[in-house]
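This report refers to the structure that appears directly beneath it.
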Amino acid sequence: MKLKRMLEYRRLLRTTQPRRYVNLFRTIYQRRCRRIIEIGTWNAVHAEQMILTAGARHPIESVVYCGFDLFEELTDEQFKLEFSKRPPNYQEVLHRLQRTGADIRLVRGNTRETLPRSGELLRGADFVFIDGGHSIETIAGDWSAVRQAMGPQTTVIFDDYYPGAGPELAGLGCQHLIDGLDRSEYSVELLEPTDAFEQPWGVLRVQMARVMLSRSS
Ligand SMILES: C[S@@+](CC[C@H](N)C(=O)[O-])C[C@H]1O[C@@H](n2cnc3c(N)ncnc32)[C@H](O)[C@@H]1O
């Protein structure tokens, strides 16, 4: 089974689109991550791929995935404010993920409320993917909860670093937060590849950023 999952992982690296998502799978595989948090589960396709990648390194029943999302509670207003995608409902996502055989927990609600009371779930995570609401305020709130629970073994990946963002992306993305992190406290890497998407107003470039506690902190 592990061999099958390893071959699936290699196939995922070759085929995944958009290309920047290889960073999730490489990080989980290379660092042998087993306790995964995803902020913004959406349709669970990447969640399932992350879980199966962890399952190439560990027995799948020992892999723990905890996803946070608004699911069916996402309002039209939040949809616009968070530059979001519309997720399926909670039960559909839960059913899909439980079929992996991993230990699945899903937390429904606005992360501005759910994350501050989820310290116990966050502590002990070795991999955190921050990809929920895209407003600067929501990303800052998500990071604040994650930061407090981080340990030396925790790797955090942020999506939605918009290099060279112009006025069209005002108020969105993690670039200000990442650029402002204290490099003596955190080790920060901007990850390639960068994806590019044509928009009515120009080209949207999107990168991921990887953050850990720095060794000296
Ligand atoms: C870009 S999608 C996530 C994509 C997913 N991580 C992936 O890689 O396929 C963003 C998700 O975050 C959720 N979301 C947006 N704002 C949120 C908030 N304030 N609290 C909780 N979830 C939120 C949306 O419902 C949506 O499903």
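FYI, nothing fancy with the structure tokens labels: chains A, B, ... in order, residues from 1 per chain, ligands from 1 as they appear.
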Near range 39-56 of chain A, within 9 Å and counting only C-alpha atoms, which residues show up once chain neighbours fewer than 3 positions away are dropped, as a PDB file with N, CA, C and O atoms, in the first residue's frame?
```pdb
ATOM      1  N   MET A   1       0.829  -1.207   0.000  1.00  0.00           N
ATOM      2  CA  MET A   1       0.000   0.000   0.000  1.00  0.00           C
ATOM      3  C   MET A   1       0.866   1.261   0.000  1.00  0.00           C
ATOM      4  O   MET A   1       0.594   2.216  -0.708  1.00  0.00           O
ATOM      5  N   LYS A   2       1.961   1.202   0.815  1.00  0.00           N
ATOM      6  CA  LYS A   2       2.841   2.375   0.885  1.00  0.00           C
ATOM      7  C   LYS A   2       3.469   2.630  -0.485  1.00  0.00           C
ATOM      8  O   LYS A   2       3.613   3.776  -0.894  1.00  0.00           O
ATOM      9  N   LEU A   3       3.843   1.529  -1.185  1.00  0.00           N
ATOM     10  CA  LEU A   3       4.454   1.678  -2.505  1.00  0.00           C
ATOM     11  C   LEU A   3       3.457   2.325  -3.459  1.00  0.00           C
ATOM     12  O   LEU A   3       3.788   3.255  -4.195  1.00  0.00           O
ATOM     13  N   LYS A   4       2.205   1.845  -3.396  1.00  0.00           N
ATOM     14  CA  LYS A   4       1.161   2.411  -4.267  1.00  0.00           C
ATOM     15  C   LYS A   4       1.018   3.915  -3.982  1.00  0.00           C
ATOM     16  O   LYS A   4       0.941   4.734  -4.893  1.00  0.00           O
ATOM     17  N   ARG A   5       1.033   4.270  -2.701  1.00  0.00           N
ATOM     18  CA  ARG A   5       0.855   5.688  -2.337  1.00  0.00           C
ATOM     19  C   ARG A   5       2.071   6.519  -2.766  1.00  0.00           C
ATOM     20  O   ARG A   5       1.937   7.671  -3.155  1.00  0.00           O
ATOM     21  N   MET A   6       3.259   5.892  -2.696  1.00  0.00           N
ATOM     22  CA  MET A   6       4.459   6.611  -3.121  1.00  0.00           C
ATOM     23  C   MET A   6       4.392   6.893  -4.631  1.00  0.00           C
ATOM     24  O   MET A   6       4.731   7.988  -5.087  1.00  0.00           O
ATOM     25  N   LEU A   7       3.907   5.886  -5.400  1.00  0.00           N
ATOM     26  CA  LEU A   7       3.780   6.097  -6.853  1.00  0.00           C
ATOM     27  C   LEU A   7       2.722   7.151  -7.154  1.00  0.00           C
ATOM     28  O   LEU A   7       2.892   7.993  -8.034  1.00  0.00           O
ATOM     29  N   GLU A   8       1.645   7.129  -6.363  1.00  0.00           N
ATOM     30  CA  GLU A   8       0.593   8.145  -6.541  1.00  0.00           C
ATOM     31  C   GLU A   8       1.149   9.539  -6.238  1.00  0.00           C
ATOM     32  O   GLU A   8       0.822  10.514  -6.903  1.00  0.00           O
ATOM     33  N   TYR A   9       1.990   9.613  -5.198  1.00  0.00           N
ATOM     34  CA  TYR A   9       2.606  10.889  -4.825  1.00  0.00           C
ATOM     35  C   TYR A   9       3.463  11.405  -5.981  1.00  0.00           C
ATOM     36  O   TYR A   9       3.382  12.572  -6.366  1.00  0.00           O
ATOM     37  N   LEU A  12       1.296  12.706  -8.663  1.00  0.00           N
ATOM     38  CA  LEU A  12       0.717  13.983  -8.241  1.00  0.00           C
ATOM     39  C   LEU A  12       1.702  15.129  -8.520  1.00  0.00           C
ATOM     40  O   LEU A  12       1.314  16.192  -9.002  1.00  0.00           O
ATOM     41  N   TYR A  21       0.808  23.994  -6.221  1.00  0.00           N
ATOM     42  CA  TYR A  21       0.368  23.034  -5.192  1.00  0.00           C
ATOM     43  C   TYR A  21       1.364  21.912  -4.948  1.00  0.00           C
ATOM     44  O   TYR A  21       1.278  21.224  -3.935  1.00  0.00           O
ATOM     45  N   LEU A  24       2.766  21.814  -1.422  1.00  0.00           N
ATOM     46  CA  LEU A  24       2.077  21.153  -0.304  1.00  0.00           C
ATOM     47  C   LEU A  24       2.533  19.703  -0.201  1.00  0.00           C
ATOM     48  O   LEU A  24       2.901  19.214   0.871  1.00  0.00           O
ATOM     49  N   PHE A  25       2.488  19.031  -1.337  1.00  0.00           N
ATOM     50  CA  PHE A  25       2.748  17.590  -1.332  1.00  0.00           C
ATOM     51  C   PHE A  25       4.223  17.300  -1.036  1.00  0.00           C
ATOM     52  O   PHE A  25       4.545  16.409  -0.255  1.00  0.00           O
ATOM     53  N   ARG A  26       5.119  18.091  -1.650  1.00  0.00           N
ATOM     54  CA  ARG A  26       6.560  17.906  -1.381  1.00  0.00           C
ATOM     55  C   ARG A  26       6.870  18.108   0.095  1.00  0.00           C
ATOM     56  O   ARG A  26       7.624  17.348   0.692  1.00  0.00           O
ATOM     57  N   ILE A  28       4.882  17.879   2.755  1.00  0.00           N
ATOM     58  CA  ILE A  28       4.330  16.807   3.606  1.00  0.00           C
ATOM     59  C   ILE A  28       5.161  15.533   3.446  1.00  0.00           C
ATOM     60  O   ILE A  28       5.487  14.864   4.433  1.00  0.00           O
ATOM     61  N   TYR A  29       5.534  15.216   2.218  1.00  0.00           N
ATOM     62  CA  TYR A  29       6.281  13.980   1.977  1.00  0.00           C
ATOM     63  C   TYR A  29       7.697  14.079   2.560  1.00  0.00           C
ATOM     64  O   TYR A  29       8.128  13.209   3.326  1.00  0.00           O
ATOM     65  N   ARG A  32       7.764  14.315   6.342  1.00  0.00           N
ATOM     66  CA  ARG A  32       7.021  13.227   6.998  1.00  0.00           C
ATOM     67  C   ARG A  32       5.910  13.754   7.905  1.00  0.00           C
ATOM     68  O   ARG A  32       5.768  13.309   9.058  1.00  0.00           O
ATOM     69  N   CYS A  33       5.162  14.728   7.408  1.00  0.00           N
ATOM     70  CA  CYS A  33       4.091  15.313   8.231  1.00  0.00           C
ATOM     71  C   CYS A  33       2.942  14.319   8.356  1.00  0.00           C
ATOM     72  O   CYS A  33       2.655  13.535   7.448  1.00  0.00           O
ATOM     73  N   ARG A  34       2.277  14.373   9.494  1.00  0.00           N
ATOM     74  CA  ARG A  34       1.208  13.402   9.805  1.00  0.00           C
ATOM     75  C   ARG A  34      -0.027  14.083  10.380  1.00  0.00           C
ATOM     76  O   ARG A  34      -1.124  13.577  10.294  1.00  0.00           O
ATOM     77  N   ARG A  35       0.144  15.240  10.988  1.00  0.00           N
ATOM     78  CA  ARG A  35      -0.984  15.947  11.620  1.00  0.00           C
ATOM     79  C   ARG A  35      -1.208  17.251  10.856  1.00  0.00           C
ATOM     80  O   ARG A  35      -0.473  18.217  11.041  1.00  0.00           O
ATOM     81  N   ILE A  36      -2.230  17.223   9.997  1.00  0.00           N
ATOM     82  CA  ILE A  36      -2.437  18.295   9.013  1.00  0.00           C
ATOM     83  C   ILE A  36      -3.615  19.184   9.407  1.00  0.00           C
ATOM     84  O   ILE A  36      -4.696  18.680   9.723  1.00  0.00           O
ATOM     85  N   PRO A  59       1.077   4.892   8.474  1.00  0.00           N
ATOM     86  CA  PRO A  59      -0.187   4.176   8.319  1.00  0.00           C
ATOM     87  C   PRO A  59      -1.314   5.202   8.211  1.00  0.00           C
ATOM     88  O   PRO A  59      -1.348   6.160   8.991  1.00  0.00           O
ATOM     89  N   ILE A  60      -2.207   5.005   7.253  1.00  0.00           N
ATOM     90  CA  ILE A  60      -3.208   6.048   6.975  1.00  0.00           C
ATOM     91  C   ILE A  60      -4.091   6.323   8.199  1.00  0.00           C
ATOM     92  O   ILE A  60      -4.510   7.454   8.430  1.00  0.00           O
ATOM     93  N   GLU A  61      -4.337   5.293   9.017  1.00  0.00           N
ATOM     94  CA  GLU A  61      -5.219   5.515  10.172  1.00  0.00           C
ATOM     95  C   GLU A  61      -4.546   6.366  11.252  1.00  0.00           C
ATOM     96  O   GLU A  61      -5.213   6.857  12.160  1.00  0.00           O
ATOM     97  N   SER A  62      -3.217   6.582  11.111  1.00  0.00           N
ATOM     98  CA  SER A  62      -2.546   7.452  12.086  1.00  0.00           C
ATOM     99  C   SER A  62      -2.445   8.897  11.583  1.00  0.00           C
ATOM    100  O   SER A  62      -1.952   9.776  12.279  1.00  0.00           O
ATOM    101  N   VAL A  63      -2.910   9.133  10.346  1.00  0.00           N
ATOM    102  CA  VAL A  63      -2.880  10.489   9.791  1.00  0.00           C
ATOM    103  C   VAL A  63      -4.090  11.258  10.309  1.00  0.00           C
ATOM    104  O   VAL A  63      -5.214  10.757  10.289  1.00  0.00           O
ATOM    105  N   VAL A  64      -3.851  12.474  10.808  1.00  0.00           N
ATOM    106  CA  VAL A  64      -4.940  13.292  11.358  1.00  0.00           C
ATOM    107  C   VAL A  64      -5.088  14.526  10.479  1.00  0.00           C
ATOM    108  O   VAL A  64      -4.110  15.234  10.221  1.00  0.00           O
ATOM    109  N   TYR A  65      -6.305  14.763  10.001  1.00  0.00           N
ATOM    110  CA  TYR A  65      -6.584  15.965   9.195  1.00  0.00           C
ATOM    111  C   TYR A  65      -7.674  16.759   9.886  1.00  0.00           C
ATOM    112  O   TYR A  65      -8.725  16.228  10.240  1.00  0.00           O
ATOM    113  N   CYS A  66      -7.423  18.061  10.081  1.00  0.00           N
ATOM    114  CA  CYS A  66      -8.448  18.923  10.659  1.00  0.00           C
ATOM    115  C   CYS A  66      -8.657  20.110   9.718  1.00  0.00           C
ATOM    116  O   CYS A  66      -7.708  20.852   9.448  1.00  0.00           O
ATOM    117  N   GLY A  67      -9.872  20.246   9.199  1.00  0.00           N
ATOM    118  CA  GLY A  67     -10.174  21.309   8.232  1.00  0.00           C
ATOM    119  C   GLY A  67     -11.157  22.319   8.796  1.00  0.00           C
ATOM    120  O   GLY A  67     -12.110  21.950   9.485  1.00  0.00           O
ATOM    121  N   PHE A  68     -10.905  23.588   8.495  1.00  0.00           N
ATOM    122  CA  PHE A  68     -11.782  24.680   8.935  1.00  0.00           C
ATOM    123  C   PHE A  68     -12.389  25.339   7.709  1.00  0.00           C
ATOM    124  O   PHE A  68     -11.669  25.669   6.762  1.00  0.00           O
ATOM    125  N   ASP A  69     -13.695  25.542   7.733  1.00  0.00           N
ATOM    126  CA  ASP A  69     -14.348  26.225   6.593  1.00  0.00           C
ATOM    127  C   ASP A  69     -15.725  26.696   7.018  1.00  0.00           C
ATOM    128  O   ASP A  69     -16.311  26.160   7.969  1.00  0.00           O
ATOM    129  N   LEU A  70     -16.227  27.649   6.258  1.00  0.00           N
ATOM    130  CA  LEU A  70     -17.602  28.092   6.488  1.00  0.00           C
ATOM    131  C   LEU A  70     -18.607  27.088   5.906  1.00  0.00           C
ATOM    132  O   LEU A  70     -19.770  27.070   6.308  1.00  0.00           O
ATOM    133  N   PHE A  71     -18.172  26.316   4.922  1.00  0.00           N
ATOM    134  CA  PHE A  71     -19.065  25.410   4.194  1.00  0.00           C
ATOM    135  C   PHE A  71     -20.347  26.143   3.803  1.00  0.00           C
ATOM    136  O   PHE A  71     -20.257  27.256   3.280  1.00  0.00           O
ATOM    137  N   LYS A  85     -13.881  31.060  -2.930  1.00  0.00           N
ATOM    138  CA  LYS A  85     -14.516  30.055  -3.782  1.00  0.00           C
ATOM    139  C   LYS A  85     -15.681  29.516  -2.979  1.00  0.00           C
ATOM    140  O   LYS A  85     -15.626  29.519  -1.746  1.00  0.00           O
ATOM    141  N   ARG A  86     -16.719  28.997  -3.655  1.00  0.00           N
ATOM    142  CA  ARG A  86     -17.885  28.514  -2.918  1.00  0.00           C
ATOM    143  C   ARG A  86     -17.719  27.017  -2.600  1.00  0.00           C
ATOM    144  O   ARG A  86     -17.543  26.214  -3.507  1.00  0.00           O
ATOM    145  N   PRO A  87     -17.732  26.653  -1.323  1.00  0.00           N
ATOM    146  CA  PRO A  87     -17.502  25.239  -0.957  1.00  0.00           C
ATOM    147  C   PRO A  87     -18.766  24.397  -1.040  1.00  0.00           C
ATOM    148  O   PRO A  87     -19.871  24.933  -0.956  1.00  0.00           O
ATOM    149  N   PRO A  88     -18.619  23.080  -1.157  1.00  0.00           N
ATOM    150  CA  PRO A  88     -19.771  22.178  -1.023  1.00  0.00           C
ATOM    151  C   PRO A  88     -20.225  22.156   0.440  1.00  0.00           C
ATOM    152  O   PRO A  88     -19.604  22.808   1.285  1.00  0.00           O
ATOM    153  N   ASN A  89     -21.278  21.392   0.740  1.00  0.00           N
ATOM    154  CA  ASN A  89     -21.712  21.396   2.135  1.00  0.00           C
ATOM    155  C   ASN A  89     -20.841  20.476   3.008  1.00  0.00           C
ATOM    156  O   ASN A  89     -20.121  19.604   2.524  1.00  0.00           O
ATOM    157  N   GLU A  92     -21.040  16.520   2.717  1.00  0.00           N
ATOM    158  CA  GLU A  92     -20.433  15.991   1.494  1.00  0.00           C
ATOM    159  C   GLU A  92     -18.906  15.909   1.648  1.00  0.00           C
ATOM    160  O   GLU A  92     -18.271  14.906   1.302  1.00  0.00           O
ATOM    161  N   VAL A  93     -18.327  16.975   2.211  1.00  0.00           N
ATOM    162  CA  VAL A  93     -16.872  17.025   2.390  1.00  0.00           C
ATOM    163  C   VAL A  93     -16.428  15.989   3.427  1.00  0.00           C
ATOM    164  O   VAL A  93     -15.456  15.250   3.233  1.00  0.00           O
ATOM    165  N   LEU A  94     -17.201  15.900   4.520  1.00  0.00           N
ATOM    166  CA  LEU A  94     -16.860  14.935   5.572  1.00  0.00           C
ATOM    167  C   LEU A  94     -16.866  13.514   5.005  1.00  0.00           C
ATOM    168  O   LEU A  94     -15.931  12.733   5.225  1.00  0.00           O
ATOM    169  N   ARG A  96     -16.495  12.513   1.922  1.00  0.00           N
ATOM    170  CA  ARG A  96     -15.382  12.298   0.988  1.00  0.00           C
ATOM    171  C   ARG A  96     -14.075  12.018   1.743  1.00  0.00           C
ATOM    172  O   ARG A  96     -13.323  11.104   1.416  1.00  0.00           O
ATOM    173  N   LEU A  97     -13.835  12.798   2.798  1.00  0.00           N
ATOM    174  CA  LEU A  97     -12.558  12.656   3.503  1.00  0.00           C
ATOM    175  C   LEU A  97     -12.517  11.409   4.383  1.00  0.00           C
ATOM    176  O   LEU A  97     -11.463  10.789   4.547  1.00  0.00           O
ATOM    177  N   THR A 100     -10.940   8.181   3.115  1.00  0.00           N
ATOM    178  CA  THR A 100      -9.480   7.972   3.068  1.00  0.00           C
ATOM    179  C   THR A 100      -9.011   7.010   4.160  1.00  0.00           C
ATOM    180  O   THR A 100      -7.951   6.407   4.044  1.00  0.00           O
ATOM    181  N   ALA A 102      -8.300   8.118   7.164  1.00  0.00           N
ATOM    182  CA  ALA A 102      -7.582   8.946   8.159  1.00  0.00           C
ATOM    183  C   ALA A 102      -8.562   9.424   9.228  1.00  0.00           C
ATOM    184  O   ALA A 102      -9.776   9.288   9.083  1.00  0.00           O
ATOM    185  N   LEU A 106     -13.685  18.167  11.072  1.00  0.00           N
ATOM    186  CA  LEU A 106     -14.024  19.378  10.313  1.00  0.00           C
ATOM    187  C   LEU A 106     -14.691  20.370  11.242  1.00  0.00           C
ATOM    188  O   LEU A 106     -15.568  19.984  12.025  1.00  0.00           O
ATOM    189  N   THR A 111     -13.534  31.434  10.695  1.00  0.00           N
ATOM    190  CA  THR A 111     -12.301  31.179  11.465  1.00  0.00           C
ATOM    191  C   THR A 111     -11.975  32.327  12.419  1.00  0.00           C
ATOM    192  O   THR A 111     -11.200  32.140  13.353  1.00  0.00           O
ATOM    193  N   VAL A 128       0.510  23.050   8.590  1.00  0.00           N
ATOM    194  CA  VAL A 128      -0.667  23.930   8.569  1.00  0.00           C
ATOM    195  C   VAL A 128      -0.708  24.647   7.227  1.00  0.00           C
ATOM    196  O   VAL A 128       0.279  25.272   6.819  1.00  0.00           O
ATOM    197  N   PHE A 129      -1.843  24.552   6.544  1.00  0.00           N
ATOM    198  CA  PHE A 129      -2.024  25.252   5.265  1.00  0.00           C
ATOM    199  C   PHE A 129      -3.044  26.359   5.486  1.00  0.00           C
ATOM    200  O   PHE A 129      -4.204  26.074   5.806  1.00  0.00           O
ATOM    201  N   ILE A 130      -2.609  27.605   5.349  1.00  0.00           N
ATOM    202  CA  ILE A 130      -3.513  28.746   5.554  1.00  0.00           C
ATOM    203  C   ILE A 130      -4.026  29.213   4.195  1.00  0.00           C
ATOM    204  O   ILE A 130      -3.292  29.812   3.406  1.00  0.00           O
ATOM    205  N   ASP A 131      -5.297  28.905   3.942  1.00  0.00           N
ATOM    206  CA  ASP A 131      -5.882  29.186   2.614  1.00  0.00           C
ATOM    207  C   ASP A 131      -7.397  29.366   2.742  1.00  0.00           C
ATOM    208  O   ASP A 131      -8.163  28.832   1.961  1.00  0.00           O
ATOM    209  N   GLY A 132      -7.816  30.113   3.777  1.00  0.00           N
ATOM    210  CA  GLY A 132      -9.251  30.354   3.975  1.00  0.00           C
ATOM    211  C   GLY A 132      -9.649  31.670   3.345  1.00  0.00           C
ATOM    212  O   GLY A 132      -9.459  31.885   2.147  1.00  0.00           O
ATOM    213  N   GLY A 133     -10.201  32.585   4.169  1.00  0.00           N
ATOM    214  CA  GLY A 133     -10.547  33.906   3.651  1.00  0.00           C
ATOM    215  C   GLY A 133      -9.297  34.634   3.186  1.00  0.00           C
ATOM    216  O   GLY A 133      -8.222  34.482   3.780  1.00  0.00           O
ATOM    217  N   ASP A 142      -6.144  34.384  11.243  1.00  0.00           N
ATOM    218  CA  ASP A 142      -5.804  32.953  11.131  1.00  0.00           C
ATOM    219  C   ASP A 142      -4.352  32.739  11.598  1.00  0.00           C
ATOM    220  O   ASP A 142      -4.048  31.819  12.364  1.00  0.00           O
TER     221      ASP A 142
END
```
Can you tell me, as a list in words, what residues are no more than 10 Å from Arg20 in chain A when counting only C-alpha atoms, ignoring any on the same chain fewer than 6 positions away?
->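 So, after excluding close chain neighbours, the residues are Asp159, Leu191, Glu192, Pro193, Thr194, Asp195, Val206, Gln207 and Met208 of chain A.
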Running DSSP on the backbone, which parts of range 47-97 of chain A land in strand (DSSP E or B), as a PyMOL selection string?
-> chain A and resi 64-69
Checklist entry - as an MDAnalysis selection string, which residues of range 44-160 of chain A does DSSP assign to alpha helix (DSSP H)? => result chainID A and resid 45:54 76:81 90:98 111:114 119:122 136:149
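Among the candidates A:His134, A:Arg57, A:Arg108, A:Arg14, the one nearest to Phe83 in chain A when counting only C-alpha atoms is A:His134.
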With distances taken over only C-alpha atoms, the candidate from A:Val211, A:Leu204, A:Val22, A:Ile37 nearest Glu168 in chain A is A:Leu204
* **Interatomic distance (Å, one decimal) between CA of Arg19 in chain A and CA of Trp143 in chain A** =>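 Taking CA of Arg19 in chain A as the start and CA of Trp143 in chain A as the end point, the length is 24.1 Å.
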Of A:Glu189, A:Glu73, A:Glu198, A:Asp160, the one sitting nearest Tyr90 in chain A when using only C-alpha atoms is A:Glu73
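Counting only C-alpha atoms and all ligand atoms, the residue from A:Thr114, A:Thr27, A:Ser187, A:Gln199 that sits nearest to ligand 1 is A:Thr114.
The coordinates place atom 6 (N, counted along the ligand's line) of ligand 1 at 19.8 Å from CA of Arg123 in chain A.
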Would you list the contacts of Pro152 in chain A as a VMD selection string, taking every protein, DNA or RNA residue within 9 Å and counting only C-alpha atoms, but skipping same-chain residues closer than 5 positions in sequence? chain A and resid 126 212 to 215
* Distance in Å - CA of Gln78 in chain A versus CA of Glu137 in chain A ->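 Pair CA of Gln78 in chain A / CA of Glu137 in chain A returns 12.5 Å.
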* Within 10 Å of Leu122 in chain A, counting only C-alpha atoms, which residues show up once you throw out same-chain ones fewer than 2 positions away? Write them as a list of chain:residue names, please. => A:Arg35, A:Ile36, A:Ile37, A:Cys66, A:Leu115, A:Pro116, A:Arg117, A:Ser118, A:Gly119, A:Glu120, A:Gly124, A:Ala125, A:Asp126, A:Phe127, A:Val128, A:Ala145, A:Val146, A:Arg147, A:Gln148, A:Ala149, A:Met150
For the residues in the current selection, export all heavy atoms as a short mmCIF file (atom, residue, chain, number, x, y, z; two decimals), in the first residue's frame.
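Contents of part.cif, as written:
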```cif
data_model
loop_
_atom_site.label_atom_id
_atom_site.label_comp_id
_atom_site.auth_asym_id
_atom_site.auth_seq_id
_atom_site.Cartn_x
_atom_site.Cartn_y
_atom_site.Cartn_z
N ARG A 35 0.14 15.24 10.99
CA ARG A 35 -0.98 15.95 11.62
C ARG A 35 -1.21 17.25 10.86
O ARG A 35 -0.47 18.22 11.04
CB ARG A 35 -0.68 16.21 13.10
CG ARG A 35 -0.41 14.91 13.88
CD ARG A 35 -0.11 15.21 15.33
NE ARG A 35 -1.27 15.77 15.98
CZ ARG A 35 -2.23 15.05 16.57
NH1 ARG A 35 -2.14 13.73 16.58
NH2 ARG A 35 -3.25 15.63 17.13
N ILE A 36 -2.23 17.22 10.00
CA ILE A 36 -2.44 18.29 9.01
C ILE A 36 -3.62 19.18 9.41
O ILE A 36 -4.70 18.68 9.72
CB ILE A 36 -2.73 17.67 7.62
CG1 ILE A 36 -1.55 16.81 7.17
CG2 ILE A 36 -3.08 18.74 6.59
CD1 ILE A 36 -1.86 15.92 5.99
N ILE A 37 -3.38 20.49 9.35
CA ILE A 37 -4.47 21.45 9.52
C ILE A 37 -4.62 22.19 8.19
O ILE A 37 -3.62 22.64 7.62
CB ILE A 37 -4.12 22.52 10.60
CG1 ILE A 37 -3.85 21.88 11.96
CG2 ILE A 37 -5.19 23.61 10.66
CD1 ILE A 37 -5.05 21.58 12.80
N CYS A 66 -7.42 18.06 10.08
CA CYS A 66 -8.45 18.92 10.66
C CYS A 66 -8.66 20.11 9.72
O CYS A 66 -7.71 20.85 9.45
CB CYS A 66 -8.00 19.38 12.05
SG CYS A 66 -9.20 20.46 12.79
N LEU A 115 -11.18 29.59 15.14
CA LEU A 115 -9.76 29.30 15.43
C LEU A 115 -9.33 29.70 16.84
O LEU A 115 -8.62 28.92 17.49
CB LEU A 115 -8.86 29.97 14.39
CG LEU A 115 -8.69 29.23 13.07
CD1 LEU A 115 -7.81 30.04 12.14
CD2 LEU A 115 -8.10 27.84 13.25
N PRO A 116 -9.76 30.88 17.32
CA PRO A 116 -9.29 31.24 18.68
C PRO A 116 -9.71 30.23 19.74
O PRO A 116 -9.07 30.14 20.79
CB PRO A 116 -9.95 32.61 18.92
CG PRO A 116 -10.19 33.16 17.56
CD PRO A 116 -10.50 31.98 16.70
N ARG A 117 -10.79 29.45 19.48
CA ARG A 117 -11.15 28.46 20.50
C ARG A 117 -10.71 27.04 20.10
O ARG A 117 -11.21 26.05 20.66
CB ARG A 117 -12.65 28.52 20.82
CG ARG A 117 -13.58 28.47 19.65
CD ARG A 117 -15.03 28.34 20.12
NE ARG A 117 -15.87 27.94 19.02
CZ ARG A 117 -16.68 28.75 18.35
NH1 ARG A 117 -16.80 30.01 18.70
NH2 ARG A 117 -17.41 28.29 17.36
N SER A 118 -9.78 26.93 19.16
CA SER A 118 -9.35 25.61 18.69
C SER A 118 -7.88 25.33 18.98
O SER A 118 -7.23 24.54 18.29
CB SER A 118 -9.59 25.47 17.18
OG SER A 118 -10.95 25.61 16.89
N GLY A 119 -7.37 25.97 20.04
CA GLY A 119 -5.95 25.81 20.37
C GLY A 119 -5.55 24.36 20.52
O GLY A 119 -4.48 23.95 20.07
N GLU A 120 -6.42 23.57 21.09
CA GLU A 120 -6.07 22.17 21.33
C GLU A 120 -5.90 21.40 20.01
O GLU A 120 -5.00 20.56 19.88
CB GLU A 120 -7.17 21.51 22.15
CG GLU A 120 -6.65 20.39 23.01
CD GLU A 120 -7.67 19.99 24.06
OE1 GLU A 120 -8.12 20.88 24.80
OE2 GLU A 120 -8.02 18.82 24.08
N GLY A 124 0.32 20.76 18.23
CA GLY A 124 0.74 19.41 17.84
C GLY A 124 0.66 19.18 16.34
O GLY A 124 1.11 18.17 15.84
N ALA A 125 0.08 20.15 15.60
CA ALA A 125 0.05 20.00 14.14
C ALA A 125 1.48 20.10 13.62
O ALA A 125 2.27 20.91 14.12
CB ALA A 125 -0.79 21.11 13.52
N ASP A 126 1.83 19.26 12.64
CA ASP A 126 3.16 19.44 12.04
C ASP A 126 3.08 20.09 10.68
O ASP A 126 4.10 20.45 10.09
CB ASP A 126 3.97 18.13 12.01
CG ASP A 126 3.18 16.97 11.45
OD1 ASP A 126 2.22 17.20 10.71
OD2 ASP A 126 3.55 15.82 11.77
N PHE A 127 1.84 20.28 10.17
CA PHE A 127 1.68 20.95 8.88
C PHE A 127 0.40 21.77 8.91
O PHE A 127 -0.66 21.24 9.23
CB PHE A 127 1.60 19.91 7.75
CG PHE A 127 1.50 20.53 6.39
CD1 PHE A 127 2.64 20.92 5.70
CD2 PHE A 127 0.27 20.76 5.80
CE1 PHE A 127 2.55 21.52 4.45
CE2 PHE A 127 0.17 21.35 4.54
CZ PHE A 127 1.31 21.73 3.86
N VAL A 128 0.51 23.05 8.59
CA VAL A 128 -0.67 23.93 8.57
C VAL A 128 -0.71 24.65 7.23
O VAL A 128 0.28 25.27 6.82
CB VAL A 128 -0.62 24.99 9.70
CG1 VAL A 128 -1.89 25.85 9.67
CG2 VAL A 128 -0.46 24.33 11.07
N ALA A 145 -3.81 32.87 15.45
CA ALA A 145 -4.15 31.63 16.16
C ALA A 145 -3.10 30.54 15.90
O ALA A 145 -2.69 29.82 16.82
CB ALA A 145 -5.53 31.14 15.74
N VAL A 146 -2.65 30.44 14.66
CA VAL A 146 -1.68 29.39 14.31
C VAL A 146 -0.34 29.66 14.99
O VAL A 146 0.30 28.76 15.55
CB VAL A 146 -1.51 29.32 12.76
CG1 VAL A 146 -0.32 28.46 12.37
CG2 VAL A 146 -2.80 28.81 12.13
N ARG A 147 0.07 30.90 14.95
CA ARG A 147 1.37 31.32 15.52
C ARG A 147 1.47 30.91 17.00
O ARG A 147 2.50 30.41 17.44
CB ARG A 147 1.44 32.84 15.38
CG ARG A 147 2.72 33.50 15.75
CD ARG A 147 2.65 34.98 15.35
NE ARG A 147 1.55 35.68 15.98
CZ ARG A 147 1.58 36.23 17.19
NH1 ARG A 147 2.68 36.17 17.90
NH2 ARG A 147 0.53 36.85 17.67
N GLN A 148 0.38 31.12 17.73
CA GLN A 148 0.41 30.81 19.16
C GLN A 148 0.53 29.31 19.44
O GLN A 148 0.98 28.91 20.51
CB GLN A 148 -0.86 31.33 19.82
CG GLN A 148 -0.91 32.84 19.88
CD GLN A 148 -2.25 33.34 20.36
OE1 GLN A 148 -2.78 32.85 21.35
NE2 GLN A 148 -2.81 34.30 19.66
N ALA A 149 0.11 28.49 18.46
CA ALA A 149 0.13 27.04 18.67
C ALA A 149 1.35 26.38 18.03
O ALA A 149 1.56 25.18 18.19
CB ALA A 149 -1.15 26.44 18.07
N MET A 150 2.16 27.16 17.32
CA MET A 150 3.29 26.58 16.56
C MET A 150 4.39 26.04 17.47
O MET A 150 4.69 26.64 18.51
CB MET A 150 3.96 27.69 15.74
CG MET A 150 3.64 27.70 14.31
SD MET A 150 4.40 29.15 13.56
CE MET A 150 5.70 28.37 12.61
#
```
